[in-house]
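Okay, model.cif now, which holds mmCIF, C-alpha atoms:
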```cif
data_target
#
loop_
_atom_site.label_atom_id
_atom_site.label_comp_id
_atom_site.auth_asym_id
_atom_site.auth_seq_id
_atom_site.Cartn_x
_atom_site.Cartn_y
_atom_site.Cartn_z
CA TYR A 1 111.43 138.07 91.71
CA ASP A 2 108.37 137.66 89.51
CA LEU A 3 108.11 133.99 90.47
CA VAL A 4 109.67 131.76 93.10
CA CYS A 5 108.94 128.03 92.91
CA VAL A 6 109.36 126.09 96.13
CA GLY A 7 110.67 122.70 95.08
CA PHE A 8 112.34 121.70 91.82
CA GLY A 9 110.87 118.29 91.14
CA PRO A 10 108.88 117.22 88.07
CA ALA A 11 106.04 119.72 88.67
CA SER A 12 108.34 122.76 88.80
CA LEU A 13 110.48 121.39 85.97
CA ALA A 14 107.36 121.20 83.79
CA ILE A 15 106.69 124.86 84.64
CA ALA A 16 110.24 125.82 83.69
CA ILE A 17 109.87 124.06 80.33
CA ALA A 18 106.48 125.64 79.62
CA LEU A 19 107.81 129.07 80.55
CA HIS A 20 110.78 128.69 78.21
CA GLU A 21 108.56 127.58 75.34
CA LYS A 22 106.07 130.39 75.84
CA PHE A 23 108.84 133.02 76.02
CA PRO A 24 111.80 131.42 74.20
CA THR A 25 115.18 133.11 74.65
CA ASP A 26 118.78 132.14 74.14
CA GLY A 27 120.38 130.41 77.09
CA PHE A 28 117.06 129.41 78.63
CA GLN A 29 116.83 132.77 80.35
CA PRO A 30 113.16 133.82 80.67
CA PRO A 31 112.24 137.52 80.31
CA PHE A 32 111.20 137.47 83.97
CA ARG A 33 113.03 137.07 87.24
CA VAL A 34 112.37 133.42 88.12
CA LEU A 35 113.91 131.31 90.86
CA PHE A 36 113.53 127.68 91.89
CA LEU A 37 114.46 126.61 95.44
CA GLU A 38 115.20 122.93 96.03
CA ARG A 39 116.02 121.15 99.28
CA GLN A 40 118.09 118.38 97.63
CA ARG A 41 121.72 118.91 96.60
CA CYS A 42 120.89 118.23 92.94
CA PHE A 43 117.95 117.19 90.84
CA ALA A 44 116.74 113.71 91.77
CA TRP A 45 113.36 112.06 91.36
CA HIS A 46 112.43 109.50 94.03
CA SER A 47 116.06 108.41 94.35
CA GLY A 48 115.13 106.08 97.20
CA MET A 49 112.95 104.01 94.86
CA LEU A 50 115.18 103.77 91.80
CA LEU A 51 115.35 100.00 92.05
CA PRO A 52 116.98 97.80 89.40
CA GLU A 53 114.75 96.92 86.45
CA THR A 54 111.67 98.72 87.77
CA HIS A 55 109.53 100.37 85.11
CA MET A 56 107.36 103.45 84.94
CA GLN A 57 103.64 103.03 85.48
CA ILE A 58 102.58 105.59 82.88
CA SER A 59 103.32 105.99 79.18
CA PHE A 60 106.39 107.99 78.16
CA MET A 61 103.98 110.04 76.04
CA LYS A 62 102.91 111.67 79.32
CA ASP A 63 106.33 113.25 79.72
CA LEU A 64 107.12 116.85 80.66
CA ALA A 65 106.11 118.34 77.31
CA THR A 66 104.43 116.08 74.72
CA LEU A 67 100.75 116.48 75.69
CA ARG A 68 101.15 120.27 75.63
CA ASN A 69 103.63 120.58 72.75
CA PRO A 70 104.56 117.44 70.80
CA ARG A 71 107.22 119.43 68.90
CA SER A 72 109.06 120.40 72.09
CA GLU A 73 112.76 119.71 72.41
CA PHE A 74 112.00 118.42 75.93
CA THR A 75 110.01 115.34 74.89
CA PHE A 76 111.15 111.89 75.99
CA VAL A 77 111.48 110.94 72.31
CA ASN A 78 113.90 113.82 71.69
CA TYR A 79 115.84 112.81 74.81
CA LEU A 80 116.24 109.31 73.35
CA HIS A 81 117.27 110.78 70.00
CA THR A 82 119.86 113.02 71.66
CA LYS A 83 121.26 110.09 73.63
CA GLY A 84 121.42 107.87 70.54
CA ARG A 85 118.95 105.28 71.85
CA LEU A 86 115.76 106.10 69.93
CA VAL A 87 115.87 103.10 67.58
CA ALA A 88 116.98 100.70 70.33
CA PHE A 89 114.18 101.87 72.61
CA THR A 90 111.66 101.48 69.80
CA ASN A 91 112.76 97.86 69.43
CA LEU A 92 111.72 97.23 73.04
CA GLY A 93 108.09 97.63 71.97
CA THR A 94 107.03 99.30 75.22
CA PHE A 95 105.54 102.58 76.39
CA LEU A 96 106.96 102.05 79.89
CA PRO A 97 110.65 102.97 80.20
CA LEU A 98 112.82 101.94 83.10
CA ARG A 99 112.41 104.24 86.08
CA GLU A 100 116.18 104.73 86.03
CA GLU A 101 115.97 105.99 82.44
CA TYR A 102 113.05 108.30 83.16
CA ASN A 103 114.98 109.85 86.04
CA ASP A 104 117.88 110.43 83.64
CA TYR A 105 115.46 112.04 81.15
CA MET A 106 114.20 114.49 83.76
CA SER A 107 117.75 115.21 84.94
CA TRP A 108 118.67 115.92 81.30
CA CYS A 109 115.83 118.46 81.17
CA ALA A 110 116.73 119.96 84.54
CA GLU A 111 120.35 120.62 83.58
CA LYS A 112 119.25 123.30 81.13
CA PHE A 113 117.72 125.34 83.97
CA ASN A 114 120.46 124.98 86.58
CA HIS A 115 121.17 128.71 86.42
CA LEU A 116 117.65 129.35 87.72
CA VAL A 117 117.89 126.91 90.64
CA GLN A 118 119.37 127.23 94.12
CA TYR A 119 119.87 123.75 95.56
CA SER A 120 120.21 122.78 99.25
CA GLN A 121 117.59 125.41 100.13
CA ASN A 122 114.93 124.21 102.57
CA VAL A 123 112.04 126.67 102.50
CA VAL A 124 110.56 127.11 105.98
CA SER A 125 107.85 129.74 105.50
CA VAL A 126 106.08 132.16 103.17
CA GLU A 127 104.80 135.42 104.61
CA PRO A 128 103.19 138.62 103.31
CA VAL A 129 105.05 141.90 102.81
CA PHE A 130 102.92 144.92 103.73
CA ASN A 131 103.16 148.56 102.75
CA LYS A 132 102.33 151.47 105.07
CA ALA A 133 98.66 151.31 104.06
CA GLY A 134 98.45 147.70 105.18
CA SER A 135 98.19 146.23 101.69
CA THR A 136 100.15 143.13 100.69
CA THR A 137 102.63 144.12 97.99
CA ALA A 138 104.75 140.95 97.81
CA TRP A 139 105.48 137.57 99.36
CA LYS A 140 108.65 136.78 101.29
CA VAL A 141 109.97 133.25 100.96
CA ASN A 142 112.27 132.26 103.84
CA SER A 143 114.70 129.37 103.57
CA LYS A 144 117.57 127.70 105.39
CA HIS A 145 120.60 126.19 103.66
CA THR A 146 120.71 122.48 104.44
CA GLU A 147 124.52 122.32 104.59
CA ASN A 148 125.84 125.56 106.09
CA GLY A 149 122.72 126.58 108.03
CA SER A 150 122.58 130.09 106.58
CA HIS A 151 119.20 131.83 106.27
CA SER A 152 117.93 133.58 103.13
CA SER A 153 114.82 135.51 102.14
CA PHE A 154 113.48 136.07 98.64
CA THR A 155 110.79 138.61 97.75
CA THR A 156 108.44 137.77 94.90
CA CYS A 157 105.08 138.57 93.33
CA ASN A 158 104.12 134.92 92.81
CA VAL A 159 104.91 131.70 94.63
CA VAL A 160 104.39 128.14 93.40
CA ILE A 161 104.58 125.49 96.12
CA ALA A 162 105.42 122.09 94.63
CA VAL A 163 107.19 120.23 97.41
CA GLY A 164 105.68 116.77 96.97
CA GLY A 165 104.50 114.58 99.82
CA ARG A 166 105.78 113.99 103.32
CA SER A 167 106.66 110.36 104.02
CA SER A 168 104.00 108.72 106.17
CA ILE A 169 104.97 106.45 109.05
CA PRO A 170 102.36 106.17 111.81
CA ASP A 171 103.10 108.70 114.56
CA GLN A 172 102.79 106.12 117.32
CA ILE A 173 105.49 104.01 115.65
CA ARG A 174 107.89 106.95 115.39
CA SER A 175 107.38 107.91 119.03
CA GLN A 176 107.66 104.36 120.36
CA VAL A 177 111.05 103.78 118.76
CA ASN A 178 112.32 107.37 119.10
CA ASN A 179 113.01 107.63 115.35
CA ASP A 180 115.33 104.63 115.38
CA PRO A 181 117.30 104.56 112.06
CA ARG A 182 116.34 100.91 111.46
CA ILE A 183 112.76 101.98 110.82
CA ILE A 184 112.60 103.79 107.47
CA HIS A 185 110.10 104.86 104.84
CA SER A 186 110.07 103.37 101.34
CA SER A 187 111.34 106.70 99.97
CA GLN A 188 114.64 106.01 101.79
CA TYR A 189 115.00 102.39 100.76
CA ALA A 190 117.65 102.57 98.01
CA THR A 191 119.62 105.37 99.68
CA SER A 192 119.56 104.26 103.34
CA LEU A 193 119.14 100.51 103.74
CA ARG A 194 122.72 99.67 102.72
CA ARG A 195 124.00 101.79 105.62
CA ILE A 196 121.71 99.93 108.02
CA LEU A 197 122.38 96.46 106.60
CA PRO A 198 125.85 96.65 105.00
CA SER A 199 126.42 92.97 104.20
CA ARG A 200 124.61 91.41 101.25
CA SER A 201 125.30 87.89 102.53
CA ASP A 202 124.22 88.13 106.18
CA PRO A 203 120.96 86.40 107.21
CA TYR A 204 119.04 89.51 108.18
CA ASN A 205 115.40 89.53 109.25
CA ILE A 206 113.56 92.31 107.39
CA ALA A 207 109.95 93.48 107.52
CA VAL A 208 108.03 95.48 104.92
CA VAL A 209 104.73 97.16 105.77
CA GLY A 210 102.22 98.19 103.09
CA SER A 211 100.13 96.82 100.24
CA GLY A 212 100.94 99.24 97.41
CA GLN A 213 103.39 99.24 94.52
CA SER A 214 106.34 100.58 96.55
CA ALA A 215 106.00 97.98 99.31
CA ALA A 216 105.65 95.17 96.77
CA GLU A 217 108.69 96.36 94.78
CA ILE A 218 110.80 96.51 97.94
CA PHE A 219 109.66 93.07 99.09
CA ASN A 220 110.59 91.70 95.66
CA ASP A 221 113.94 93.51 95.55
CA LEU A 222 115.01 92.25 98.98
CA HIS A 223 115.08 88.68 97.69
CA SER A 224 117.97 89.48 95.34
CA THR A 225 119.65 92.29 97.29
CA TYR A 226 119.84 90.23 100.51
CA PRO A 227 119.54 86.63 99.25
CA ASN A 228 120.19 85.00 102.63
CA SER A 229 117.68 87.10 104.54
CA THR A 230 114.23 86.33 105.84
CA THR A 231 111.57 88.81 104.68
CA SER A 232 108.01 89.48 105.81
CA LEU A 233 105.38 91.64 104.10
CA PHE A 234 102.51 92.78 106.33
CA ILE A 235 99.33 93.96 104.59
CA ARG A 236 95.98 95.07 106.03
CA SER A 237 93.77 93.52 103.32
CA HIS A 238 93.27 89.83 102.62
CA ALA A 239 95.50 89.94 99.53
CA LEU A 240 97.62 92.18 97.33
CA LYS A 241 95.32 93.76 94.74
CA PRO A 242 96.02 94.66 91.10
CA SER A 243 95.94 98.26 89.91
CA ASP A 244 93.31 99.13 87.33
CA ASP A 245 95.12 100.70 84.38
CA SER A 246 92.64 99.64 81.69
CA PRO A 247 92.14 102.23 78.92
CA PHE A 248 88.64 103.38 79.82
CA VAL A 249 89.53 103.80 83.47
CA ASN A 250 92.75 105.60 82.54
CA GLU A 251 90.70 108.36 80.98
CA ILE A 252 90.19 109.82 84.47
CA PHE A 253 93.80 111.02 84.12
CA ASN A 254 93.13 112.91 80.87
CA PRO A 255 93.98 116.63 81.22
CA GLU A 256 90.48 117.73 80.23
CA ARG A 257 89.00 115.70 83.09
CA VAL A 258 90.36 118.26 85.57
CA ASP A 259 87.76 120.81 84.39
CA GLU A 260 85.00 118.27 84.80
CA PHE A 261 86.15 117.16 88.24
CA TYR A 262 86.66 120.69 89.54
CA GLY A 263 83.08 121.57 88.56
CA LEU A 264 81.55 118.81 90.67
CA HIS A 265 79.96 119.26 94.09
CA ASP A 266 82.22 118.34 97.02
CA ASP A 267 80.20 115.22 97.87
CA VAL A 268 80.38 113.98 94.28
CA ARG A 269 84.13 114.59 94.18
CA ARG A 270 84.68 112.53 97.32
CA LYS A 271 82.60 109.70 95.90
CA ALA A 272 84.54 109.78 92.62
CA LEU A 273 87.89 109.68 94.43
CA LYS A 274 86.76 106.69 96.45
CA GLU A 275 85.48 104.86 93.37
CA ASN A 276 88.75 105.36 91.49
CA LYS A 277 91.09 104.66 94.40
CA GLY A 278 92.06 101.33 92.84
CA THR A 279 93.96 103.09 90.08
CA ASN A 280 96.64 104.48 92.40
CA TYR A 281 96.37 103.57 96.09
CA SER A 282 97.21 100.24 97.81
CA VAL A 283 97.42 98.42 94.48
CA VAL A 284 100.19 96.67 92.54
CA ARG A 285 100.82 96.17 88.83
CA GLU A 286 99.80 92.74 87.63
CA ASP A 287 103.23 91.79 86.25
CA LEU A 288 104.76 92.26 89.70
CA LEU A 289 101.94 90.32 91.35
CA ASP A 290 102.64 87.43 88.97
CA LYS A 291 106.34 87.56 89.82
CA LEU A 292 105.69 87.51 93.56
CA TYR A 293 103.18 84.66 93.30
CA GLN A 294 105.69 82.66 91.27
CA ARG A 295 108.24 83.20 94.04
CA MET A 296 105.76 82.06 96.69
CA TYR A 297 104.89 78.99 94.61
CA VAL A 298 108.55 77.96 94.28
CA GLN A 299 108.81 78.04 98.07
CA ARG A 300 105.71 75.88 98.32
CA LEU A 301 107.32 73.44 95.88
CA ARG A 302 110.68 73.26 97.64
CA ASP A 303 109.79 73.80 101.30
CA GLY A 304 106.28 72.36 101.51
CA ASN A 305 102.87 73.83 102.27
CA ASP A 306 103.73 74.90 105.81
CA GLU A 307 104.44 78.62 105.30
CA SER A 308 106.25 78.88 108.63
CA ASN A 309 109.16 77.14 106.88
CA TRP A 310 109.35 79.79 104.15
CA LYS A 311 112.02 82.53 104.14
CA HIS A 312 109.75 85.00 102.32
CA ARG A 313 106.18 85.37 103.57
CA ILE A 314 103.19 87.65 103.02
CA PHE A 315 101.07 88.14 106.14
CA PRO A 316 97.55 89.31 105.18
CA LEU A 317 95.00 90.94 107.51
CA ARG A 318 97.73 92.38 109.70
CA GLU A 319 98.16 95.99 110.77
CA VAL A 320 101.26 97.17 112.60
CA MET A 321 100.01 98.94 115.70
CA GLY A 322 103.17 99.20 117.76
CA ALA A 323 106.93 98.80 117.77
CA GLU A 324 109.71 98.60 120.33
CA ILE A 325 113.45 98.16 120.43
CA ASP A 326 114.40 94.94 122.21
CA LYS A 327 116.98 95.95 124.83
CA SER A 328 118.45 92.45 124.92
CA ASN A 329 119.55 92.39 121.27
CA GLY A 330 118.82 95.86 119.88
CA LYS A 331 116.42 94.53 117.27
CA VAL A 332 112.90 95.74 116.39
CA ASN A 333 109.77 93.97 117.63
CA LEU A 334 106.39 94.67 116.04
CA MET A 335 102.91 94.43 117.55
CA LEU A 336 100.29 93.33 115.01
CA TRP A 337 96.49 93.44 115.02
CA ASP A 338 94.16 91.17 113.12
CA THR A 339 92.27 93.66 110.93
CA ARG A 340 89.10 91.54 111.03
CA ASN A 341 88.99 91.54 114.83
CA GLU A 342 90.25 94.73 116.47
CA ASN A 343 90.27 93.11 119.90
CA ASN A 344 92.55 90.32 118.81
CA VAL A 345 96.25 91.11 119.25
CA GLU A 346 98.58 88.65 117.62
CA ALA A 347 101.77 87.64 119.38
CA GLU A 348 104.65 89.94 118.63
CA ARG A 349 106.79 89.35 115.58
CA LYS A 350 110.29 89.70 116.96
CA GLY A 351 113.87 90.27 115.95
CA PHE A 352 113.76 92.49 112.85
CA ASP A 353 117.01 94.08 111.74
CA ALA A 354 115.10 96.67 109.68
CA VAL A 355 111.49 97.65 109.04
CA ILE A 356 110.47 99.49 105.85
CA PHE A 357 107.12 101.28 105.74
CA GLY A 358 105.64 101.54 102.24
CA THR A 359 102.71 103.48 103.64
CA GLY A 360 102.47 106.37 101.23
CA TYR A 361 102.68 110.12 101.70
CA VAL A 362 100.85 112.93 103.45
CA ARG A 363 100.52 116.01 101.26
CA ASP A 364 100.27 118.73 103.87
CA VAL A 365 103.68 120.43 103.81
CA HIS A 366 102.13 123.55 102.27
CA GLU A 367 99.96 123.98 105.37
CA SER A 368 102.94 124.69 107.61
CA LEU A 369 104.73 126.81 104.99
CA LEU A 370 101.67 129.05 104.63
CA ASN A 371 100.60 129.13 108.27
CA GLY A 372 101.44 132.84 108.56
CA LEU A 373 98.97 133.60 105.76
CA ARG A 374 96.04 131.91 107.48
CA PRO A 375 94.19 135.18 108.32
CA MET A 376 93.96 136.15 104.64
CA MET A 377 92.91 132.72 103.34
CA LYS A 378 89.34 132.24 102.18
CA ASP A 379 87.54 130.45 105.03
CA GLY A 380 90.93 130.09 106.73
CA THR A 381 91.92 127.11 104.54
CA CYS A 382 94.32 126.51 101.66
CA THR A 383 91.65 126.21 98.98
CA VAL A 384 92.49 126.92 95.34
CA GLY A 385 90.71 127.97 92.17
CA ARG A 386 90.72 126.03 88.93
CA ASP A 387 94.07 127.65 88.03
CA TYR A 388 95.57 126.32 91.31
CA LYS A 389 95.78 129.84 92.74
CA MET A 390 95.01 130.03 96.45
CA LEU A 391 91.76 131.82 97.21
CA THR A 392 92.05 134.77 99.59
CA ASP A 393 89.73 137.06 101.50
CA SER A 394 91.88 139.98 100.49
CA GLY A 395 89.38 142.82 100.46
CA ASP A 396 89.64 145.70 98.02
CA GLY A 397 93.25 146.59 97.36
CA LYS A 398 94.72 144.45 100.13
CA ILE A 399 96.49 142.11 97.70
CA LEU A 400 97.66 143.32 94.31
CA SER A 401 95.92 141.63 91.39
CA ASP A 402 99.14 140.40 89.78
CA MET A 403 100.15 138.45 92.90
CA GLY A 404 99.33 134.88 93.79
CA ILE A 405 100.27 131.69 95.59
CA TYR A 406 99.80 128.50 93.59
CA LEU A 407 99.68 124.94 94.93
CA GLN A 408 100.84 121.84 93.06
CA GLY A 409 100.48 118.19 94.03
CA CYS A 410 98.24 118.80 97.04
CA CYS A 411 94.92 119.56 95.31
CA GLU A 412 93.57 116.05 94.79
CA ASP A 413 90.31 116.87 96.59
CA THR A 414 89.46 119.60 94.06
CA HIS A 415 91.38 118.62 90.91
CA GLY A 416 91.24 114.82 90.91
CA LEU A 417 93.57 111.84 91.23
CA SER A 418 95.92 113.07 88.51
CA ASP A 419 96.98 115.99 90.73
CA THR A 420 99.69 114.00 92.55
CA LEU A 421 100.84 112.05 89.47
CA LEU A 422 103.01 112.71 86.42
CA SER A 423 100.11 112.29 83.99
CA ILE A 424 99.17 115.94 83.40
CA LEU A 425 102.38 117.79 84.32
CA ALA A 426 103.01 119.06 80.80
CA VAL A 427 99.54 120.57 80.39
CA ARG A 428 99.34 121.81 83.98
CA GLY A 429 102.71 123.53 83.71
CA GLY A 430 101.42 125.47 80.72
CA GLU A 431 98.25 126.43 82.60
CA LEU A 432 100.25 127.88 85.47
CA VAL A 433 102.50 129.87 83.15
CA ASP A 434 99.41 131.27 81.44
CA SER A 435 97.80 132.17 84.76
CA ILE A 436 100.90 133.88 86.15
CA PHE A 437 102.36 135.55 83.05
CA GLY A 438 99.42 135.67 80.64
#
```

Take the structure from the file and write it as structure tokens.
Amino acid sequence: YDLVCVGFGPASLAIAIALHEKFPTDGFQPPFRVLFLERQRCFAWHSGMLLPETHMQISFMKDLATLRNPRSEFTFVNYLHTKGRLVAFTNLGTFLPLREEYNDYMSWCAEKFNHLVQYSQNVVSVEPVFNKAGSTTAWKVNSKHTENGSHSSFTTCNVVIAVGGRSSIPDQIRSQVNNDPRIIHSSQYATSLRRILPSRSDPYNIAVVGSGQSAAEIFNDLHSTYPNSTTSLFIRSHALKPSDDSPFVNEIFNPERVDEFYGLHDDVRRKALKENKGTNYSVVREDLLDKLYQRMYVQRLRDGNDESNWKHRIFPLREVMGAEIDKSNGKVNLMLWDTRNENNVEAERKGFDAVIFGTGYVRDVHESLLNGLRPMMKDGTCTVGRDYKMLTDSGDGKILSDMGIYLQGCCEDTHGLSDTLLSILAVRGGELVDSIFG
């Protein structure tokens, strides 16, 4: 192959669209040998968080094509036109479509490239292919089929790794409960919780951990999905905080800001990331905060000021430091710390039927996939250039000039906060196509 993309989520889909529009052919067949490998059985975008009536957090104008090519057939506006909903959507007066609709938009785009995708392929490693002179002439991408267990290898000149993040649950929690199925990550919420808690009417006791948008959405959804349940939200800070999506601040996600950010010194980059953390991490949209506060107020009205009488509670300044399965009843007990006093351990919160961690993602999957290439990496690390191509200490002739490994969604330290988001996918996809195929 000329290009193998590991992962077929939004980042790789944007590359497929940009490639088709740069080299248009009938049947969406590029003039190169291109393959996408995807672990899921079909295209799906955050299926575990497709909750009812949840909206996108970015404008539909930042879709898979518009900012690069407003005339593209793959714009969200053209999707609406094709589906016969353009006028009706316009009447909504919003730039933020339902998350369910945006997933359908991306699935609509993905269908046109199905002939280039192999689903149920879990890539396990990328390794160099050497010739007799010891030069690297290709990359070998090794994968395992998730259903039948068969192994495959694909040889290619270029690799794009766009596998997204790995769900983050504290290691000590996982080990203490031996990966008990009642403890899940927010990314599994909509697809797994019904199997754990099958009855909508039972009085379950459910805990949510985290202070970001996902945790808040789950805490809010539980009230209607399991109306007779008791729910607890544990957050480390003193209160849920609003995300900053004001227009001037939002300019940090402009495509041209990537050049500016990449050119900064490492220390300045780290400072900038810390300053702008409130746009994306451990924050919640204001409309959801208002909804949750209204719900808390109604409890105060009906059940009094004593929060211990409430069915739905937010516990601030609490960090989950341990968990165990109660052998007497099979339920989950949590050990909490007061975040303002590390020596103060609160009494256990007991008897949870399920615990959902909305604690974000770790974006390090590429490290294990590329471990076999460590000796040829520059400084032994997965650092990339401005074009997202991994830097190598190749030496003269050791790696052919038309070969490369490109990283997507794991370059926040060098390319800015937009790297893990949807904001610049259209433009970035075009940049990668230009870098690989010229």

Item to check | Residues selected by the PyMOL selection byres ((chain A and resi 280-294) around 7), written as a list in words | outcome: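 Given this file, the PyMOL selection byres ((chain A and resi 280-294) around 7) evaluates to Ser211, Gly212, Gln213, Asn220, Leu240, Lys241, Pro242, Ser243, Lys277, Gly278, Thr279, Arg295, Met296, Tyr297 and Val298 of chain A.
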
Any chance you could export the current selection's C-alpha atoms as a PDB file, keeping the file's coordinate frame?
```pdb
ATOM      1  CA  SER A 211     100.130  96.820 100.240  1.00  0.00           C
ATOM      2  CA  GLY A 212     100.940  99.240  97.410  1.00  0.00           C
ATOM      3  CA  GLN A 213     103.390  99.240  94.520  1.00  0.00           C
ATOM      4  CA  ASN A 220     110.590  91.700  95.660  1.00  0.00           C
ATOM      5  CA  LEU A 240      97.620  92.180  97.330  1.00  0.00           C
ATOM      6  CA  LYS A 241      95.320  93.760  94.740  1.00  0.00           C
ATOM      7  CA  PRO A 242      96.020  94.660  91.100  1.00  0.00           C
ATOM      8  CA  SER A 243      95.940  98.260  89.910  1.00  0.00           C
ATOM      9  CA  LYS A 277      91.090 104.660  94.400  1.00  0.00           C
ATOM     10  CA  GLY A 278      92.060 101.330  92.840  1.00  0.00           C
ATOM     11  CA  THR A 279      93.960 103.090  90.080  1.00  0.00           C
ATOM     12  CA  ARG A 295     108.240  83.200  94.040  1.00  0.00           C
ATOM     13  CA  MET A 296     105.760  82.060  96.690  1.00  0.00           C
ATOM     14  CA  TYR A 297     104.890  78.990  94.610  1.00  0.00           C
ATOM     15  CA  VAL A 298     108.550  77.960  94.280  1.00  0.00           C
TER      16      VAL A 298
END
```

Next on the checklist: Between atom CA of A:Pro198 and atom CA of A:His55, what is the distance in Å, rounded to a tenth?
Outcome noted: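 Atom-to-atom, atom CA of A:Pro198 and atom CA of A:His55 are spaced 26.0 Å apart.
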
Next on the checklist: What's the separation between atom CA of A:Ile235 and atom CA of A:Phe352, in Å to one decimal place?
Outcome noted: 16.7 Å

Checklist entry - Any idea what's packed within 12 Å of A:Val209, counting only C-alpha atoms, ignoring anything in its chain fewer than 5 positions away? Could you give it as an MDAnalysis selection string? => result chainID A and resid 168:170 183:186 214:219 231:237 282 314:321 334 336 354:360

Checklist entry - What residues come out when you apply the PyMOL selection byres ((chain A and resi 28-40) around 7) to this file, written as a PyMOL selection string? => result chain A and resi 1-8+20+23+25-27+41-43+112-113+116-122

Item to check | Selection under test: the PyMOL selection byres ((chain A and resi 374) around 12); residues as a list in words | outcome: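 Listing what the PyMOL selection byres ((chain A and resi 374) around 12) selects in the shown file: Val126, Glu127, Pro128, His366, Glu367, Ser368, Leu369, Leu370, Asn371, Gly372, Leu373, Pro375, Met376, Met377, Lys378, Asp379, Gly380, Thr381, Cys382, Thr383, Met390, Leu391, Thr392, Asp393 and Ser394 of chain A.
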
Around all listed atoms of stretch 45-59 of chain A, padded 4 Å per side, what centre and edge lengths does the axis-aligned box have in Å to one decimal, as lines of an AutoDock Vina configuration file?
```
center_x = 109.8
center_y = 104.5
center_z = 88.2
size_x = 22.4
size_y = 23.1
size_z = 26.0
```

Next on the checklist: My list of candidates is A:Asn341, A:Asn178, A:Ser135, A:Gln408. Which is closest to A:Val159 when distances are computed with all atoms listed in the file?
Outcome noted: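 Once distances to A:Val159 are computed over all atoms listed in the file, the minimum belongs to A:Gln408.
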
Item to check | Counting only C-alpha atoms, the residue of A:Ala18, A:Ala88, A:Cys109, A:Leu96 that sits nearest A:Lys62 | outcome: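 Of all the options, A:Leu96 lies closest to A:Lys62.
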
Item to check | Between atom CA of A:Asn103 and atom CA of A:Gln188, distance in Å (one decimal) | outcome: 16.2 Å

Item to check | Non-local contacts of A:Leu264 (12 Å; only C-alpha atoms; under 4 positions in same chain excluded) as an MDAnalysis selection string | outcome: chainID A and resid 257:260 268:273 386 413:416

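Among the candidates A:Leu422, A:Val141, A:Val177, A:Leu50, the one nearest to A:Lys327 when counting only C-alpha atoms is A:Val177.
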